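Undergrad: Shown below is the structure under consideration.
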Amino acid sequence: MPPKVKVTKDMVIDAAFEVARETGVENINARTVAKKLNCSTQPVMYHFATIEELKKSAYAKTDVYHTEYLMNVNSDDIMLGIGLNYIRFAVEEPHLFRFLFQSGFAVENSLLEMVNSEELIPIISTMQETMDLSIEQTKEVFITLALFVHGYASIIVNNSLEYDGKLIATHLRRVYAGAILAIQEEME
């Protein structure tokens with residue numbers, strides 16, 4: 001008789017991530033996660049006292065996945081690439097986008113908290129190198145871009161707009177150039 005497969009905490013988190021990805025965060029529960037793992041609910045509840053704790057862990061995994069997705073830029077224009085990836089993420093991973101930004105699980109309560117978060121350091125640093133601005137000026141440009149890109153992605157993920165990569169790239173270039181120009185004018 002083969003030994004029983006030990007269900008680890010990481011396996012439970014991975015299964016919850018997949019449930020969120022396929023059907024949405026609202027469908028993460030002991031039964032759906034156990035079904036993904038092909039086990040009883042006991043290992044799920046052994047590793048997580050509450051489903052809320054499991055959802056928070058799945059959220060953290062989703063956040064890491066999202067950051068890696070954003071930073072996978074195949075373009076010379078890093079900022080355009082990150083912005084387009086953000087919007088494309090909403091198109092390709094609508095349940096995960098809603099989990100990250102429309103479920104109430106975000107640790108930050110505001111855009112200003114987000115722009116100063118540790119998780120955003122790689123993106124802000126990349127922007128700063130590209131634009132040759134101070135960190136505070138870079139954050140101002142980021143806020144402008146974030147509002148625009150998040151609005152676009154939210155409208156698309158809620159089925160109110162068709163994805164048109166070429167048109168979005170044109171709009172994003174305009175916003176990016178305008179935000180940098182505004183910062184430069186303020187410096188004069």
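Every chain in the structure tokens has a letter given in the order shown (A, B, ...), and although residue numbers restart at 1 in each chain, ligands are simply numbered from 1 in the order shown.
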Give me the residues within 10 Å of Ile183 of chain A as an MDAnalysis selection string, counting only C-alpha atoms and dropping any in the same chain fewer than 6 places off.

TA: chainID A and resid 133 137:138 140:141

Undergrad: Point out the residue among A:Gly24, A:Phe99, A:Thr67, A:Ser75 with the least atom-to-atom distance to Ile121 of chain A, counting only C-alpha atoms.

TA: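 Going through A:Gly24, A:Phe99, A:Thr67, A:Ser75 one by one, the smallest distance to Ile121 of chain A is for A:Thr67.
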
Undergrad: At a cut-off of 7 Å, using only C-alpha atoms, what residues contact segment 3-18 of chain A? Leave out same-chain residues fewer than 2 positions from it and give the result as a PyMOL selection string.

TA: chain A and resi 1+20-22+28+33+36-37+43-44+47+54+57-58+62

Undergrad: Which residue out of A:Arg98, A:Leu80, A:Ser160, A:Ile123 has the minimum interatomic distance to Arg174 of chain A when only C-alpha atoms are used?

TA: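 Smallest distance to Arg174 of chain A is found for A:Leu80.
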
Undergrad: Do you know which residues are at most 12 Å from Leu100 of chain A counting only C-alpha atoms, after dropping those on the same chain fewer than 2 positions away, and could you put them as a PyMOL selection string?

TA: chain A and resi 17+20-21+24-25+55-56+58-67+86+89-90+93-98+102-108+150+154

Undergrad: I need the alpha helix (DSSP H) residues of segment 9-185 of chain A per DSSP on the backbone, written as a ChimeraX atom specification.

TA: /A:9-23,30-37,42-47,51-71,78-92,94-101,111-115,121-131,135-157,165-185

Undergrad: Got time to write the residues from that selection, C-alpha atoms, as a short mmCIF file (atom, residue, chain, number, x, y, z; two decimals), in the first residue's frame?

TA:
```cif
data_model
loop_
_atom_site.label_atom_id
_atom_site.label_comp_id
_atom_site.auth_asym_id
_atom_site.auth_seq_id
_atom_site.Cartn_x
_atom_site.Cartn_y
_atom_site.Cartn_z
CA LYS A 9 0.57 24.30 3.54
CA ASP A 10 2.05 25.46 0.21
CA MET A 11 -0.05 22.89 -1.64
CA VAL A 12 -3.18 24.25 0.05
CA ILE A 13 -2.23 27.84 -0.87
CA ASP A 14 -1.52 26.80 -4.47
CA ALA A 15 -4.91 25.08 -4.69
CA ALA A 16 -6.69 28.15 -3.26
CA PHE A 17 -4.85 30.32 -5.80
CA GLU A 18 -6.10 28.06 -8.60
CA VAL A 19 -9.68 28.23 -7.29
CA ALA A 20 -9.46 32.03 -7.23
CA ARG A 21 -7.93 32.05 -10.71
CA GLU A 22 -10.57 29.81 -12.24
CA THR A 23 -13.76 30.85 -10.46
CA ALA A 30 -12.49 24.07 2.32
CA ARG A 31 -14.44 21.90 -0.11
CA THR A 32 -13.28 23.56 -3.33
CA VAL A 33 -9.66 23.60 -2.19
CA ALA A 34 -9.83 19.98 -1.00
CA LYS A 35 -11.33 18.99 -4.34
CA LYS A 36 -8.38 20.63 -6.14
CA LEU A 37 -6.03 18.64 -3.91
CA GLN A 42 -9.13 17.96 6.99
CA PRO A 43 -5.68 18.93 5.55
CA VAL A 44 -7.04 22.31 4.47
CA MET A 45 -8.38 23.10 7.93
CA TYR A 46 -5.26 21.65 9.58
CA HIS A 47 -3.08 24.30 7.90
CA ILE A 51 -10.90 30.33 5.37
CA GLU A 52 -10.14 34.03 5.80
CA GLU A 53 -6.52 33.12 6.67
CA LEU A 54 -6.35 30.88 3.60
CA LYS A 55 -7.70 33.68 1.39
CA LYS A 56 -5.07 36.08 2.77
CA SER A 57 -2.34 33.57 1.92
CA ALA A 58 -3.80 33.05 -1.55
CA TYR A 59 -3.94 36.84 -1.94
CA ALA A 60 -0.22 37.11 -1.08
CA LYS A 61 0.58 34.45 -3.70
CA THR A 62 -1.58 36.29 -6.24
CA ASP A 63 0.21 39.56 -5.47
CA VAL A 64 3.62 37.97 -6.14
CA TYR A 65 2.30 36.41 -9.35
CA HIS A 66 0.93 39.79 -10.46
CA THR A 67 4.24 41.58 -9.79
CA GLU A 68 6.16 38.95 -11.79
CA TYR A 69 3.61 39.29 -14.59
CA LEU A 70 4.03 43.09 -14.65
CA MET A 71 7.81 42.96 -14.70
CA ILE A 78 9.74 49.52 -19.81
CA MET A 79 7.00 51.84 -18.55
CA LEU A 80 4.78 51.22 -21.54
CA GLY A 81 5.39 47.51 -21.13
CA ILE A 82 4.47 47.51 -17.43
CA GLY A 83 1.31 49.55 -18.10
CA LEU A 84 0.22 47.29 -20.93
CA ASN A 85 0.98 44.20 -18.83
CA TYR A 86 -1.23 45.59 -16.04
CA ILE A 87 -4.14 45.99 -18.43
CA ARG A 88 -3.43 42.66 -20.17
CA PHE A 89 -3.43 40.97 -16.75
CA ALA A 90 -7.03 42.15 -16.28
CA VAL A 91 -7.92 40.66 -19.67
CA GLU A 92 -6.12 37.33 -19.18
CA PRO A 94 -9.98 38.61 -14.65
CA HIS A 95 -10.69 36.64 -11.47
CA LEU A 96 -7.20 37.32 -10.11
CA PHE A 97 -7.49 41.00 -11.03
CA ARG A 98 -10.75 41.26 -9.10
CA PHE A 99 -9.20 39.35 -6.19
CA LEU A 100 -6.29 41.80 -6.02
CA PHE A 101 -8.13 45.05 -6.58
CA LEU A 111 -3.05 54.66 -3.55
CA LEU A 112 -0.64 56.72 -1.45
CA GLU A 113 -0.05 53.76 0.87
CA MET A 114 0.45 51.51 -2.15
CA VAL A 115 3.00 53.81 -3.80
CA ILE A 121 9.92 49.15 -4.85
CA PRO A 122 11.00 47.15 -7.96
CA ILE A 123 8.54 48.99 -10.18
CA ILE A 124 9.31 52.45 -8.78
CA SER A 125 13.07 51.77 -9.03
CA THR A 126 12.74 50.69 -12.67
CA MET A 127 10.71 53.80 -13.44
CA GLN A 128 13.20 56.06 -11.68
CA GLU A 129 16.12 54.65 -13.69
CA THR A 130 14.19 55.09 -16.94
CA MET A 131 13.02 58.65 -16.27
CA ILE A 135 12.11 59.14 -6.12
CA GLU A 136 9.33 61.57 -5.11
CA GLN A 137 8.90 62.80 -8.70
CA THR A 138 8.85 59.20 -9.91
CA LYS A 139 6.11 58.40 -7.42
CA GLU A 140 4.06 61.33 -8.73
CA VAL A 141 4.37 60.04 -12.30
CA PHE A 142 3.51 56.53 -11.03
CA ILE A 143 0.32 57.78 -9.34
CA THR A 144 -0.83 59.43 -12.57
CA LEU A 145 -0.10 56.29 -14.57
CA ALA A 146 -1.61 54.00 -11.93
CA LEU A 147 -4.90 55.88 -11.93
CA PHE A 148 -5.09 55.78 -15.71
CA VAL A 149 -4.00 52.15 -16.14
CA HIS A 150 -6.12 50.86 -13.26
CA GLY A 151 -9.15 52.67 -14.63
CA TYR A 152 -8.63 51.16 -18.05
CA ALA A 153 -8.11 47.67 -16.60
CA SER A 154 -11.15 47.94 -14.32
CA ILE A 155 -13.41 49.02 -17.14
CA ILE A 156 -12.18 46.12 -19.29
CA VAL A 157 -12.42 43.49 -16.52
CA GLY A 165 -3.72 46.90 -27.34
CA LYS A 166 -2.73 49.38 -30.04
CA LEU A 167 -5.21 52.04 -28.90
CA ILE A 168 -4.34 51.49 -25.23
CA ALA A 169 -0.61 51.83 -26.03
CA THR A 170 -1.29 55.16 -27.75
CA HIS A 171 -3.28 56.45 -24.77
CA LEU A 172 -0.69 55.20 -22.29
CA ARG A 173 2.17 56.91 -24.18
CA ARG A 174 0.23 60.20 -24.04
CA VAL A 175 -0.44 59.92 -20.31
CA TYR A 176 3.16 58.91 -19.57
CA ALA A 177 4.60 61.79 -21.64
CA GLY A 178 2.14 64.25 -20.12
CA ALA A 179 2.94 63.18 -16.55
CA ILE A 180 6.69 63.53 -17.12
CA LEU A 181 6.22 66.91 -18.85
CA ALA A 182 4.11 68.17 -15.93
CA ILE A 183 6.81 67.14 -13.42
CA GLN A 184 9.52 68.79 -15.54
CA GLU A 185 7.51 72.01 -15.79
#
```

Undergrad: If you measure from atom CA of Glu119 of chain A to atom CA of Ala49 of chain A, what distance in Å do you get, rounded to one decimal?

TA: 26.6 Å

Undergrad: Between atom CA of Asn116 of chain A and atom CA of Glu188 of chain A, measure the distance and give it in Å to one decimal.

TA: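 Separating atom CA of Asn116 of chain A from atom CA of Glu188 of chain A is a distance of 25.8 Å.
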
Undergrad: Hey, can you check how far atom CA of Asp164 of chain A sits from atom CA of Asp76 of chain A?

TA: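 Rounded to one decimal, the two atoms are 20.3 Å apart.
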